[in-house]
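K.L.:
Got a structure for you, questions after.
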Protein chains: 2
Amino acid sequence: MVTPLTENDPTAQGERRARQRTGKNGRLALGPLPELVGYNLRKAQVALFQNFQSAVAPHDITPGQFGVLIMIKENEGLSQSDLGSAVGIDRSTMVAVIDRLESRGLVVRAPSPNDRRSYALRLSPEGQRLMEELIPRVKAHDQSMVKDLSKEEQAQLIDFLRRMSKAG
Amino acid sequence: MVTPLTENDPTAQGERRARQRTGKNGRLALGPLPELVGYNLRKAQVALFQNFQSAVAPHDITPGQFGVLIMIKENEGLSQSDLGSAVGIDRSTMVAVIDRLESRGLVVRAPSPNDRRSYALRLSPEGQRLMEELIPRVKAHDQSMVKDLSKEEQAQLIDFLRRMSKAG
DNA sequence: TATTGTTATACTCTATAACTATA
DNA sequence: TATAGTTATAGAGTATAACAATA
């Protein structure tokens, strides 16, 4: 990804342009954005996403895929539709998501014992091994994102975020 | 209603899972996800995104487009490349973003006075009118997302998120 | 009739590589 | 040589509508 919002432009041209607009520090004006919770939420998530990628390298797993794998691990035998409802995506979208994980050998589409329309999803042995390696790494990554916050502040942050989700 | 998947699973694991899921609504087990900052961040952002959409309806503007429009408004005459760097997307991606906003009559690609390779972006009169209507709405929407937090907690939340972005 | 997985289709967001005009 | 905008291309993610098999 490209440089984020408040990065300096080190070129002479960039400095000239920036000076014309901001008069001083070579950054673009952001208007009301920095005061918005949504803007800061977005920036934190971009930072988290990038850090996640390097934390789970070289496994090429996204946070979304990790969530899907966790749900399958924790709810072995669930159907694609139920999984989709749980993670908030349509069942038609889930098809390609599982296609990818299955073609990588991480997830198995087993026949459902009581409903011949649906699959019983489960992790393959390789998927299980991967998750055993990934879960501690993801936890460590998550901690590293809030390493500058005290334990109390970390708990507060999660509490605030949960209250936001409810308020939505 | 879906049949509980672990209904006849005799193992301790299965029973634990079933108990976690067998509330009134059949919720699935989430494993370590609820303790992760990243998971709660993601959920808060999904809630915010949906609320944003209804807050700016019927204008069909996304948070990302709003950010681009703010940057153009606050830094009139900037180029597509500088804008891309500012919001963190590649200049090739920015082409279609501006195409859309231009075709909707919100943004103008004016010739740059000192560099014939680049455009000087600015809001059209219609874009200016839209932003005058949108900015108060977006601020109100943003406030509504944290309405259950005290002013002090809101300030703490933004502070925590900023410290996370730096830590990335 | 309703649901599950699927396909067809479409749109957004994202990137890299290569092209052109210009610097 | 380097940069700005563009195009071609690719892939992920998202959705709706319709279909066959099954409930």
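Chain identifiers are assigned as A, B, and so on, following the order in which chains appear in the structure tokens; residues are numbered from 1 within each chain, and ligands are numbered from 1 in order of appearance.
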Report the Cα RMSD between chain B and chain A after least-squares superposition, pairing every C-alpha atom in order.

P.N.:
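It comes to 5.8 Å after superposition.
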
K.L.:
Compute the set of chain B residues within 7 Å of chain A, using only C-alpha atoms, and express it as a short mmCIF file (atom, residue, chain, number, x, y, z; two decimals) with C-alpha atoms, in the first residue's frame.

P.N.:
```
data_model
loop_
_atom_site.label_atom_id
_atom_site.label_comp_id
_atom_site.auth_asym_id
_atom_site.auth_seq_id
_atom_site.Cartn_x
_atom_site.Cartn_y
_atom_site.Cartn_z
CA LEU B 5 -24.74 -28.93 14.46
CA ARG B 17 -19.38 -25.73 21.69
CA LEU B 28 -21.81 -19.54 17.10
CA ALA B 29 -18.68 -19.86 19.20
CA LEU B 30 -16.18 -17.10 18.50
CA GLY B 31 -13.07 -18.53 20.13
CA LEU B 36 -8.74 -9.22 20.02
CA VAL B 37 -8.56 -5.48 19.52
CA GLY B 38 -8.54 -6.07 15.77
CA ASN B 40 -13.56 -5.25 17.84
CA LEU B 41 -12.04 -2.57 15.64
CA LYS B 43 -16.88 -4.66 14.10
CA ALA B 44 -16.97 -1.01 15.10
CA GLN B 45 -16.00 -0.01 11.60
CA ALA B 47 -21.28 -0.50 12.28
CA LEU B 48 -19.88 2.92 11.47
CA ASN B 51 -24.57 4.20 9.88
CA ILE B 70 -12.55 16.81 2.00
CA MET B 71 -8.94 16.65 0.84
CA GLU B 74 -9.07 21.69 1.86
CA ASN B 75 -6.21 21.55 -0.67
CA SER B 85 -0.37 9.63 -1.55
CA ALA B 86 -2.41 11.55 0.99
CA VAL B 87 -5.22 9.03 1.24
CA GLY B 88 -2.99 6.01 0.77
CA ILE B 89 -3.95 4.68 -2.65
CA ASP B 90 -2.00 4.27 -5.86
CA ASP B 142 -19.79 10.54 13.91
CA MET B 145 -21.62 6.58 16.89
CA VAL B 146 -20.13 7.53 20.26
CA ASP B 148 -23.02 6.25 24.64
CA LEU B 157 -10.93 6.66 22.32
CA ILE B 158 -9.46 8.98 19.70
CA PHE B 160 -5.99 5.37 21.87
CA LEU B 161 -6.66 4.98 18.15
CA ARG B 162 -3.99 7.53 17.28
CA ARG B 163 -1.46 5.75 19.45
CA MET B 164 -2.36 2.50 17.68
CA SER B 165 -1.78 4.02 14.25
CA ALA B 167 2.53 1.85 16.81
CA GLY B 168 1.70 0.04 13.55
#
```

K.L.:
Compute the set of chain C residues within 10 Å of chain B, using only C-alpha atoms (C1' of nucleotides), and express it as an mmCIF file with N, CA and C atoms (P, O5', C5', C4', C3', O3' and C1' of nucleotides), in the first residue's frame.

P.N.:
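The file below, iface17.cif, is the result:
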```
data_model
loop_
_atom_site.group_PDB
_atom_site.id
_atom_site.type_symbol
_atom_site.label_atom_id
_atom_site.label_comp_id
_atom_site.auth_asym_id
_atom_site.auth_seq_id
_atom_site.Cartn_x
_atom_site.Cartn_y
_atom_site.Cartn_z
ATOM 1 P P DT C 12 -19.136 1.266 -9.179
ATOM 2 O "O5'" DT C 12 -18.176 0.884 -7.958
ATOM 3 C "C5'" DT C 12 -18.763 0.604 -6.688
ATOM 4 C "C4'" DT C 12 -17.688 0.150 -5.722
ATOM 5 C "C3'" DT C 12 -16.444 1.049 -5.719
ATOM 6 O "O3'" DT C 12 -16.188 1.426 -4.374
ATOM 7 C "C1'" DT C 12 -15.848 -1.244 -5.956
ATOM 8 P P DC C 13 -15.080 2.540 -4.038
ATOM 9 O "O5'" DC C 13 -13.791 1.660 -3.745
ATOM 10 C "C5'" DC C 13 -13.836 0.707 -2.691
ATOM 11 C "C4'" DC C 13 -12.583 -0.159 -2.749
ATOM 12 C "C3'" DC C 13 -11.291 0.643 -2.925
ATOM 13 O "O3'" DC C 13 -10.472 0.427 -1.786
ATOM 14 C "C1'" DC C 13 -11.335 -1.293 -4.305
ATOM 15 P P DT C 14 -9.216 1.323 -1.500
ATOM 16 O "O5'" DT C 14 -8.072 0.588 -2.324
ATOM 17 C "C5'" DT C 14 -7.490 -0.578 -1.756
ATOM 18 C "C4'" DT C 14 -6.789 -1.397 -2.783
ATOM 19 C "C3'" DT C 14 -5.728 -0.720 -3.619
ATOM 20 O "O3'" DT C 14 -4.600 -0.381 -2.868
ATOM 21 C "C1'" DT C 14 -6.845 -2.488 -4.765
ATOM 22 P P DA C 15 -3.346 0.375 -3.552
ATOM 23 O "O5'" DA C 15 -2.597 -0.726 -4.424
ATOM 24 C "C5'" DA C 15 -2.262 -1.988 -3.839
ATOM 25 C "C4'" DA C 15 -1.733 -2.928 -4.905
ATOM 26 C "C3'" DA C 15 -0.622 -2.318 -5.741
ATOM 27 O "O3'" DA C 15 0.625 -2.914 -5.395
ATOM 28 C "C1'" DA C 15 -2.316 -3.316 -7.132
ATOM 29 P P DT C 16 1.981 -2.308 -6.114
ATOM 30 O "O5'" DT C 16 2.078 -3.044 -7.534
ATOM 31 C "C5'" DT C 16 2.115 -4.467 -7.591
ATOM 32 C "C4'" DT C 16 2.359 -4.902 -9.026
ATOM 33 C "C3'" DT C 16 3.546 -4.217 -9.704
ATOM 34 O "O3'" DT C 16 4.252 -5.203 -10.455
ATOM 35 C "C1'" DT C 16 1.582 -3.810 -10.955
ATOM 36 P P DA C 21 1.240 10.741 -27.036
ATOM 37 O "O5'" DA C 21 1.822 11.763 -25.972
ATOM 38 C "C5'" DA C 21 0.889 12.691 -25.445
ATOM 39 C "C4'" DA C 21 1.444 13.370 -24.227
ATOM 40 C "C3'" DA C 21 2.394 14.532 -24.532
ATOM 41 O "O3'" DA C 21 1.724 15.708 -24.119
ATOM 42 C "C1'" DA C 21 3.199 13.186 -22.729
ATOM 43 P P DT C 22 2.402 17.103 -24.290
ATOM 44 O "O5'" DT C 22 3.275 17.067 -22.971
ATOM 45 C "C5'" DT C 22 2.732 17.327 -21.743
ATOM 46 C "C4'" DT C 22 3.816 17.198 -20.719
ATOM 47 C "C3'" DT C 22 4.852 18.322 -20.734
ATOM 48 O "O3'" DT C 22 4.544 19.158 -19.650
ATOM 49 C "C1'" DT C 22 5.789 16.178 -20.251
ATOM 50 P P DA C 23 5.457 20.398 -19.325
ATOM 51 O "O5'" DA C 23 6.606 19.788 -18.429
ATOM 52 C "C5'" DA C 23 6.255 19.296 -17.154
ATOM 53 C "C4'" DA C 23 7.490 18.821 -16.431
ATOM 54 C "C3'" DA C 23 8.583 19.869 -16.335
ATOM 55 O "O3'" DA C 23 8.683 20.259 -14.983
ATOM 56 C "C1'" DA C 23 9.444 17.718 -16.958
#
```

K.L.:
Based on only C-alpha atoms (C1' of nucleotides), which of the residues in chain D come within 9 Å of chain B? I want them as a PDB file with C-alpha atoms (C1' of nucleotides), in the first residue's frame.

P.N.:
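result-v2.pdb, freshly written:
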```pdb
ATOM      1  C1'  DT D   3       7.045  11.988 -13.051  1.00  0.00           C
ATOM      2  C1'  DA D   4       1.661  12.445 -14.012  1.00  0.00           C
ATOM      3  C1'  DG D   5      -2.045  10.419 -15.837  1.00  0.00           C
ATOM      4  C1'  DT D   6      -3.782   6.559 -18.165  1.00  0.00           C
TER       5       DT D   6
END
```

K.L.:
Among chain A, which residues does DSSP mark as helix (DSSP H, G or I) when it is run on the backbone? Keep the chain and numbering as in the structure and answer as a count of residues only.

P.N.:
105

K.L.:
One number please: atom CA of B:Asp99 to atom C1' of D:DA10, in Å, one decimal.

P.N.:
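So the answer is 20.4 Å.
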
K.L.:
Let's see if you can do this: from backbone DSSP, list all strand (DSSP E) residues in stretch 56-134 of chain B, as a list in words.

P.N.:
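Listing strand (DSSP E) positions across stretch 56-134 of chain B yields Val107, Val108, Arg109, Ala110, Pro111, Tyr119, Ala120, Leu121, Arg122 and Leu123 of chain B.
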
K.L.:
Can you list, as a list in words, every protein, DNA or RNA residue that comes within 10 Å of A:Leu101 when you count only C-alpha atoms (C1' of nucleotides), leaving out same-chain residues fewer than 2 positions away?

P.N.:
Ile61, Gln65, Val68, Leu69, Ala96, Val97, Ile98, Asp99, Ser103, Arg104, Gly105, Leu106, Val107, Val108, Leu123 and Gly127 of chain A

K.L.:
Write a file of the just-selected residues containing all heavy atoms, as a compact mmCIF listing (two decimals), in the first residue's frame.

P.N.:
```txt
# COMPACT_ATOMS: atom_id res chain seq x y z
N ILE A 61 -2.42 -14.87 4.79
CA ILE A 61 -3.77 -14.97 5.36
C ILE A 61 -4.23 -13.56 5.72
O ILE A 61 -3.48 -12.80 6.32
CB ILE A 61 -3.75 -15.85 6.63
CG1 ILE A 61 -3.47 -17.32 6.27
CG2 ILE A 61 -5.04 -15.72 7.42
CD1 ILE A 61 -4.64 -18.06 5.70
N GLN A 65 -9.91 -13.92 6.41
CA GLN A 65 -9.74 -15.37 6.29
C GLN A 65 -9.46 -16.00 7.65
O GLN A 65 -9.95 -17.09 7.95
CB GLN A 65 -8.58 -15.68 5.33
CG GLN A 65 -8.92 -15.39 3.87
CD GLN A 65 -7.71 -15.52 2.96
OE1 GLN A 65 -6.58 -15.25 3.36
NE2 GLN A 65 -7.95 -15.91 1.72
N VAL A 68 -12.70 -16.47 9.37
CA VAL A 68 -13.44 -17.62 8.83
C VAL A 68 -12.86 -18.92 9.36
O VAL A 68 -13.59 -19.83 9.78
CB VAL A 68 -13.41 -17.58 7.28
CG1 VAL A 68 -13.81 -18.92 6.70
CG2 VAL A 68 -14.33 -16.48 6.76
N LEU A 69 -11.52 -19.02 9.36
CA LEU A 69 -10.88 -20.24 9.84
C LEU A 69 -11.17 -20.48 11.32
O LEU A 69 -11.41 -21.61 11.75
CB LEU A 69 -9.37 -20.17 9.58
CG LEU A 69 -8.95 -20.23 8.10
CD1 LEU A 69 -7.47 -19.94 7.93
CD2 LEU A 69 -9.29 -21.61 7.49
N ALA A 96 -16.83 -18.49 -2.98
CA ALA A 96 -15.46 -18.25 -3.44
C ALA A 96 -14.48 -18.21 -2.27
O ALA A 96 -13.33 -18.62 -2.41
CB ALA A 96 -15.39 -16.94 -4.23
N VAL A 97 -14.94 -17.71 -1.13
CA VAL A 97 -14.07 -17.68 0.06
C VAL A 97 -13.64 -19.10 0.43
O VAL A 97 -12.45 -19.38 0.62
CB VAL A 97 -14.80 -17.01 1.24
CG1 VAL A 97 -13.99 -17.13 2.52
CG2 VAL A 97 -15.09 -15.55 0.93
N ILE A 98 -14.63 -20.01 0.48
CA ILE A 98 -14.31 -21.40 0.82
C ILE A 98 -13.54 -22.08 -0.32
O ILE A 98 -12.63 -22.87 -0.08
CB ILE A 98 -15.60 -22.19 1.15
CG1 ILE A 98 -16.31 -21.54 2.34
CG2 ILE A 98 -15.28 -23.65 1.47
CD1 ILE A 98 -15.52 -21.52 3.61
N ASP A 99 -13.91 -21.75 -1.57
CA ASP A 99 -13.15 -22.27 -2.71
C ASP A 99 -11.65 -22.05 -2.51
O ASP A 99 -10.83 -22.96 -2.69
CB ASP A 99 -13.57 -21.57 -4.01
CG ASP A 99 -14.86 -22.12 -4.59
OD1 ASP A 99 -15.35 -23.16 -4.07
OD2 ASP A 99 -15.38 -21.55 -5.55
N SER A 103 -8.94 -24.90 -1.89
CA SER A 103 -7.90 -25.16 -2.89
C SER A 103 -6.51 -25.03 -2.27
O SER A 103 -5.55 -25.59 -2.80
CB SER A 103 -8.06 -24.20 -4.07
OG SER A 103 -7.67 -22.90 -3.71
N ARG A 104 -6.43 -24.31 -1.16
CA ARG A 104 -5.15 -24.23 -0.45
C ARG A 104 -4.99 -25.37 0.54
O ARG A 104 -4.00 -25.43 1.28
CB ARG A 104 -5.03 -22.88 0.27
CG ARG A 104 -4.81 -21.72 -0.69
CD ARG A 104 -4.86 -20.39 0.01
NE ARG A 104 -3.78 -20.22 0.98
CZ ARG A 104 -3.60 -19.13 1.71
NH1 ARG A 104 -4.43 -18.10 1.56
NH2 ARG A 104 -2.61 -19.04 2.56
N GLY A 105 -5.98 -26.24 0.60
CA GLY A 105 -5.87 -27.42 1.44
C GLY A 105 -6.10 -27.16 2.91
O GLY A 105 -5.71 -27.96 3.76
N LEU A 106 -6.75 -26.05 3.25
CA LEU A 106 -6.94 -25.69 4.66
C LEU A 106 -8.30 -26.10 5.19
O LEU A 106 -8.48 -26.33 6.38
CB LEU A 106 -6.75 -24.18 4.84
CG LEU A 106 -5.39 -23.62 4.38
CD1 LEU A 106 -5.36 -22.11 4.49
CD2 LEU A 106 -4.25 -24.26 5.18
N VAL A 107 -9.29 -26.18 4.28
CA VAL A 107 -10.67 -26.44 4.69
C VAL A 107 -11.22 -27.59 3.85
O VAL A 107 -10.85 -27.75 2.69
CB VAL A 107 -11.55 -25.17 4.50
CG1 VAL A 107 -13.03 -25.50 4.56
CG2 VAL A 107 -11.19 -24.12 5.54
N VAL A 108 -12.08 -28.40 4.46
CA VAL A 108 -12.71 -29.54 3.78
C VAL A 108 -14.22 -29.33 3.71
O VAL A 108 -14.84 -28.94 4.71
CB VAL A 108 -12.40 -30.85 4.52
CG1 VAL A 108 -13.13 -32.02 3.86
CG2 VAL A 108 -10.91 -31.11 4.57
N LEU A 123 -11.81 -27.93 9.34
CA LEU A 123 -10.42 -27.71 8.97
C LEU A 123 -9.79 -29.04 8.56
O LEU A 123 -10.08 -30.08 9.17
CB LEU A 123 -9.64 -27.14 10.16
CG LEU A 123 -10.06 -25.76 10.69
CD1 LEU A 123 -9.07 -25.31 11.76
CD2 LEU A 123 -10.13 -24.74 9.57
N GLY A 127 -4.96 -27.47 7.88
CA GLY A 127 -5.61 -26.27 8.40
C GLY A 127 -5.49 -26.18 9.91
O GLY A 127 -5.28 -25.09 10.47
```
